[in-house]
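Asker: Just one file: entry.txt, with compact mmCIF, C-alpha atoms and all ligand atoms.
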```
# COMPACT_ATOMS: atom_id res chain seq x y z
CA MET A 1 41.22 91.11 -4.94
CA SER A 2 43.15 94.30 -5.70
CA ASN A 3 46.00 95.62 -3.54
CA ASN A 4 45.04 99.25 -4.38
CA ARG A 5 42.61 99.60 -1.56
CA VAL A 6 42.69 102.89 0.31
CA SER A 7 43.26 102.48 3.99
CA ARG A 8 41.11 104.28 6.52
CA ARG A 9 44.11 106.44 7.45
CA GLN A 10 44.71 107.45 3.82
CA PHE A 11 41.03 108.20 3.25
CA LEU A 12 40.91 110.49 6.28
CA SER A 13 44.16 112.17 5.25
CA TYR A 14 42.92 112.88 1.69
CA THR A 15 39.54 114.06 2.90
CA LEU A 16 40.95 116.42 5.53
CA THR A 17 43.51 117.82 3.08
CA GLY A 18 40.80 118.47 0.49
CA VAL A 19 38.38 120.07 2.94
CA GLY A 20 41.19 122.11 4.55
CA GLY A 21 42.39 123.37 1.16
CA PHE A 22 38.84 124.30 0.15
CA MET A 23 38.31 126.23 3.39
CA ALA A 24 41.68 128.00 3.08
CA ALA A 25 40.88 129.03 -0.50
CA GLY A 26 37.49 130.33 0.66
CA MET A 27 39.18 132.55 3.23
CA LEU A 28 42.09 133.69 1.04
CA MET A 29 40.16 134.56 -2.15
CA PRO A 30 38.28 137.55 -0.68
CA MET A 31 41.52 138.83 0.88
CA VAL A 32 43.39 138.59 -2.42
CA ARG A 33 40.46 140.22 -4.24
CA PHE A 34 40.42 143.06 -1.70
CA ALA A 35 44.18 143.56 -1.95
CA ILE A 36 44.25 143.90 -5.73
CA ASP A 37 40.84 145.55 -6.17
CA PRO A 38 42.16 148.94 -7.41
CA VAL A 39 44.05 147.15 -10.18
CA LEU A 40 40.85 145.45 -11.33
CA GLN A 41 38.78 148.64 -11.51
CA LYS A 42 37.89 150.04 -14.91
CA HIS A 43 38.92 153.66 -15.39
CA GLY A 44 36.47 155.38 -17.73
CA GLY A 45 36.42 158.94 -19.07
CA GLY A 46 39.21 161.39 -19.66
CA ASP A 47 41.07 163.71 -17.33
CA PHE A 48 38.83 166.71 -18.09
CA VAL A 49 35.90 167.75 -15.92
CA GLN A 50 32.96 169.86 -17.07
CA THR A 51 32.35 173.09 -15.14
CA GLU A 52 29.06 174.99 -14.92
CA HIS A 53 30.58 177.99 -16.75
CA LYS A 54 29.71 178.75 -20.35
CA ILE A 55 32.60 179.86 -22.53
CA ALA A 56 30.49 182.81 -23.75
CA ASP A 57 30.20 184.17 -20.18
CA ILE A 58 33.94 184.34 -19.57
CA THR A 59 35.39 187.86 -19.68
CA ASP A 60 38.82 189.37 -19.10
CA LYS A 61 38.05 189.66 -15.37
CA PRO A 62 39.13 186.56 -13.40
CA VAL A 63 36.24 184.63 -11.82
CA LYS A 64 36.35 181.73 -9.40
CA VAL A 65 35.21 178.47 -11.03
CA ASP A 66 34.48 175.30 -9.08
CA LEU A 67 35.74 172.01 -10.43
CA LYS A 68 33.82 169.08 -8.89
CA PHE A 69 34.77 165.47 -9.44
CA GLU A 70 34.86 162.08 -7.77
CA GLN A 71 38.34 161.14 -6.66
CA VAL A 72 39.22 157.47 -6.49
CA ASP A 73 42.16 156.93 -4.16
CA ALA A 74 42.89 153.19 -4.05
CA TRP A 75 39.83 151.80 -2.16
CA TYR A 76 38.25 155.15 -1.28
CA LYS A 77 35.98 157.38 -3.36
CA SER A 78 35.38 160.96 -2.31
CA ASP A 79 33.79 164.06 -3.81
CA VAL A 80 36.38 166.75 -4.36
CA THR A 81 35.91 170.41 -5.27
CA ASN A 82 38.91 172.25 -6.69
CA VAL A 83 38.94 175.88 -7.75
CA ALA A 84 40.34 177.75 -10.75
CA TRP A 85 40.61 181.44 -11.56
CA VAL A 86 39.33 181.76 -15.13
CA PHE A 87 39.51 184.68 -17.57
CA LYS A 88 39.97 185.53 -21.23
CA GLU A 89 43.31 186.76 -22.52
CA GLY A 90 42.53 187.86 -26.06
CA ASP A 91 40.97 184.75 -27.64
CA GLN A 92 42.62 182.41 -25.16
CA ILE A 93 40.81 181.02 -22.11
CA VAL A 94 43.14 180.99 -19.10
CA ALA A 95 42.50 178.96 -15.93
CA LEU A 96 45.00 179.49 -13.12
CA SER A 97 45.42 177.29 -10.08
CA PRO A 98 44.74 179.19 -6.83
CA VAL A 99 47.42 177.25 -4.94
CA CYS A 100 50.11 179.66 -3.76
CA LYS A 101 53.67 178.69 -4.69
CA HIS A 102 54.96 179.66 -1.27
CA LEU A 103 53.28 177.27 1.18
CA GLY A 104 50.09 176.29 -0.64
CA CYS A 105 47.44 178.72 0.66
CA MET A 106 44.63 179.85 -1.68
CA VAL A 107 45.11 183.08 -3.59
CA GLY A 108 42.24 185.41 -4.45
CA TRP A 109 41.77 188.01 -7.17
CA GLU A 110 42.02 191.61 -5.93
CA GLU A 111 41.71 190.55 -2.30
CA ASP A 112 44.17 193.24 -1.23
CA SER A 113 42.68 196.65 -2.03
CA SER A 114 46.10 198.30 -2.06
CA HIS A 115 47.19 196.05 -4.96
CA PRO A 116 44.40 195.98 -7.57
CA ASN A 117 44.70 193.75 -10.66
CA GLN A 118 46.70 191.18 -8.76
CA PHE A 119 46.15 187.85 -7.04
CA PHE A 120 46.79 188.05 -3.31
CA CYS A 121 47.69 185.30 -0.85
CA PRO A 122 46.45 186.17 2.65
CA CYS A 123 48.82 183.81 4.46
CA HIS A 124 52.05 185.79 4.00
CA ALA A 125 50.98 188.64 1.69
CA GLY A 126 52.21 186.90 -1.46
CA ARG A 127 51.21 188.58 -4.72
CA TYR A 128 50.91 187.54 -8.37
CA GLU A 129 50.22 189.44 -11.57
CA LYS A 130 47.14 188.55 -13.61
CA ASN A 131 49.09 186.04 -15.74
CA GLY A 132 50.18 184.26 -12.56
CA LYS A 133 53.70 185.70 -12.38
CA ASN A 134 54.87 185.99 -8.80
CA VAL A 135 55.68 189.56 -7.81
CA PRO A 136 59.37 189.87 -6.85
CA GLY A 137 59.94 190.74 -3.22
CA THR A 138 56.92 188.74 -2.03
CA PRO A 139 57.26 185.19 -0.60
CA PRO A 140 56.12 183.03 -3.60
CA THR A 141 59.03 181.57 -5.53
CA GLY A 142 57.30 180.80 -8.84
CA PRO A 143 54.25 181.55 -10.99
CA LEU A 144 50.80 180.01 -10.42
CA ASP A 145 50.15 176.78 -12.31
CA GLU A 146 47.66 176.62 -15.19
CA TYR A 147 44.86 174.15 -15.81
CA GLU A 148 44.53 172.47 -19.19
CA VAL A 149 41.44 173.98 -20.83
CA GLN A 150 38.89 172.60 -23.32
CA GLU A 151 35.61 173.83 -24.77
CA LYS A 152 32.82 171.27 -25.30
CA ASN A 153 29.20 172.07 -26.13
CA GLY A 154 29.78 175.69 -25.15
CA PHE A 155 30.96 174.80 -21.65
CA LEU A 156 34.37 175.14 -20.05
CA TRP A 157 36.12 171.86 -19.22
CA LEU A 158 39.22 171.81 -17.03
CA GLY A 159 41.93 169.19 -17.02
CA PRO A 160 45.15 168.59 -15.07
CA THR A 161 47.39 171.44 -14.01
CA LYS A 162 50.64 172.20 -15.78
CA ALA A 163 53.47 174.71 -15.41
CA ASN A 164 52.49 178.28 -16.26
CA THR A 165 52.96 179.00 -19.98
CA LEU A 166 51.94 182.67 -19.87
CA VAL A 167 54.93 183.95 -17.93
CA LYS A 168 57.92 184.44 -20.21
S1 LIG A 201 51.44 180.63 1.38
FE1 LIG A 201 51.07 182.23 0.01
S2 LIG A 201 52.47 183.72 0.60
FE2 LIG A 201 52.88 182.12 1.95
```
Could you show the structure in this file as structure tokens?
Answerer:
Amino acid sequence: MSNNRVSRRQFLSYTLTGVGGFMAAGMLMPMVRFAIDPVLQKHGGGDFVQTEHKIADITDKPVKVDLKFEQVDAWYKSDVTNVAWVFKEGDQIVALSPVCKHLGCMVGWEEDSSHPNQFFCPCHAGRYEKNGKNVPGTPPTGPLDEYEVQEKNGFLWLGPTKANTLVK
């Protein structure tokens, strides 16, 4: 007869350890999966978003263009609409960010009738020239940012914002 017999105590100990480990893994796996989920997500597509505006319709007068996209922020997805002021400068398509460089309000084109051909910020009467240059003596401390611009299939696509390249 062999001396390698498993005692009742050992059998219970092994069984409880195995079952306990299995149950702990069952509880921990979903938590670990949840914690690292954003890392596991695939990120498809580029940084550019198609707008509804055709390149052919853009003139030298700034128009407000909506930029709609789905924003993924860690575990949360939300629909976001940003805005750009778009116009033609010669052959170049320009898309300026409407975010004021003073405290972040939204600027509008020719919203102050006493200052035509300028962007106006209603919060503290900040003003910008058409190329986004902040007018000296008004609160903004720098020019409006620009969006990266692309043309695809005749439509305007907008990308990330960058520092203004029009103001010398
Ligand atoms: S936020 Fe635009 S002028 Fe102050």
Asker: At a cut-off of 12 Å around ligand LIG 201 (chain A), and using all atoms listed in the file, what residues come up? Please write them as a VMD selection string.
Answerer: chain A and resid 98 to 108 119 to 128 134 to 144
Asker: How would the residues just chosen look if you wrote them out with C-alpha atoms as an mmCIF file, keeping the file's coordinate frame?
Answerer:
```cif
data_model
loop_
_atom_site.group_PDB
_atom_site.id
_atom_site.type_symbol
_atom_site.label_atom_id
_atom_site.label_comp_id
_atom_site.auth_asym_id
_atom_site.auth_seq_id
_atom_site.Cartn_x
_atom_site.Cartn_y
_atom_site.Cartn_z
ATOM 1 C CA PRO A 98 44.740 179.190 -6.830
ATOM 2 C CA VAL A 99 47.420 177.250 -4.940
ATOM 3 C CA CYS A 100 50.110 179.660 -3.760
ATOM 4 C CA LYS A 101 53.670 178.690 -4.690
ATOM 5 C CA HIS A 102 54.960 179.660 -1.270
ATOM 6 C CA LEU A 103 53.280 177.270 1.180
ATOM 7 C CA GLY A 104 50.090 176.290 -0.640
ATOM 8 C CA CYS A 105 47.440 178.720 0.660
ATOM 9 C CA MET A 106 44.630 179.850 -1.680
ATOM 10 C CA VAL A 107 45.110 183.080 -3.590
ATOM 11 C CA GLY A 108 42.240 185.410 -4.450
ATOM 12 C CA PHE A 119 46.150 187.850 -7.040
ATOM 13 C CA PHE A 120 46.790 188.050 -3.310
ATOM 14 C CA CYS A 121 47.690 185.300 -0.850
ATOM 15 C CA PRO A 122 46.450 186.170 2.650
ATOM 16 C CA CYS A 123 48.820 183.810 4.460
ATOM 17 C CA HIS A 124 52.050 185.790 4.000
ATOM 18 C CA ALA A 125 50.980 188.640 1.690
ATOM 19 C CA GLY A 126 52.210 186.900 -1.460
ATOM 20 C CA ARG A 127 51.210 188.580 -4.720
ATOM 21 C CA TYR A 128 50.910 187.540 -8.370
ATOM 22 C CA ASN A 134 54.870 185.990 -8.800
ATOM 23 C CA VAL A 135 55.680 189.560 -7.810
ATOM 24 C CA PRO A 136 59.370 189.870 -6.850
ATOM 25 C CA GLY A 137 59.940 190.740 -3.220
ATOM 26 C CA THR A 138 56.920 188.740 -2.030
ATOM 27 C CA PRO A 139 57.260 185.190 -0.600
ATOM 28 C CA PRO A 140 56.120 183.030 -3.600
ATOM 29 C CA THR A 141 59.030 181.570 -5.530
ATOM 30 C CA GLY A 142 57.300 180.800 -8.840
ATOM 31 C CA PRO A 143 54.250 181.550 -10.990
ATOM 32 C CA LEU A 144 50.800 180.010 -10.420
#
```
Asker: Write out as number ranges by chain the residues lying within 10 Å of Val83 in chain A, counting all atoms listed in the file and excluding same-chain residues fewer than 4 positions away.
Answerer: A: 64-68, 95-99, 106
Asker: Please indicate the distance in Å from CA of Gly159 in chain A to CA of Gln71 in chain A, rounded to one decimal place.
Answerer: 13.6 Å
Asker: What is the distance, in Å and to one decimal place, between CA of Phe69 in chain A and CA of Trp157 in chain A?
Answerer: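 One can read the CA of Phe69 in chain A to CA of Trp157 in chain A distance as 11.8 Å.
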Asker: One decimal, in Å: what's the spacing between CA of Ser113 in chain A and CA of Gly132 in chain A?
Answerer: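 Going from CA of Ser113 in chain A over to CA of Gly132 in chain A covers 17.9 Å.
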Asker: Within 8 Å of Ile58 in chain A, counting only C-alpha atoms, which residues qualify if same-chain residues fewer than 5 places away don't, as an NGL selection string?
Answerer: :A and (53 or 86-88)
Asker: Measuring atom to atom with only C-alpha atoms, identify which of A:Ser13, A:Ser114, A:Gln150, A:Gln92 is nearest to Thr59 in chain A.
Answerer: A:Gln92
Asker: Hey, which of A:Tyr14, A:Asp79, A:Gln118, A:Asp91 ends up closest to Pro62 in chain A? Count all atoms listed in the file.
Answerer: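 Nearest candidate to Pro62 in chain A out of A:Tyr14, A:Asp79, A:Gln118, A:Asp91: A:Gln118.
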Asker: So that I can check the surroundings of Leu158 in chain A, please list as a PyMOL selection string every protein, DNA and RNA residue that reaches within 9 Å of it, counting all atoms listed in the file and ignoring chain neighbours fewer than 4 positions away.
Answerer: chain A and resi 47-51+67+84+95+147-151
Asker: Please produce an output containing C-alpha atoms for each residue in the selection, written as an mmCIF file, keeping the file's coordinate frame.
Answerer:
```cif
data_model
loop_
_atom_site.group_PDB
_atom_site.id
_atom_site.type_symbol
_atom_site.label_atom_id
_atom_site.label_comp_id
_atom_site.auth_asym_id
_atom_site.auth_seq_id
_atom_site.Cartn_x
_atom_site.Cartn_y
_atom_site.Cartn_z
ATOM 1 C CA ASP A 47 41.070 163.710 -17.330
ATOM 2 C CA PHE A 48 38.830 166.710 -18.090
ATOM 3 C CA VAL A 49 35.900 167.750 -15.920
ATOM 4 C CA GLN A 50 32.960 169.860 -17.070
ATOM 5 C CA THR A 51 32.350 173.090 -15.140
ATOM 6 C CA LEU A 67 35.740 172.010 -10.430
ATOM 7 C CA ALA A 84 40.340 177.750 -10.750
ATOM 8 C CA ALA A 95 42.500 178.960 -15.930
ATOM 9 C CA TYR A 147 44.860 174.150 -15.810
ATOM 10 C CA GLU A 148 44.530 172.470 -19.190
ATOM 11 C CA VAL A 149 41.440 173.980 -20.830
ATOM 12 C CA GLN A 150 38.890 172.600 -23.320
ATOM 13 C CA GLU A 151 35.610 173.830 -24.770
#
```
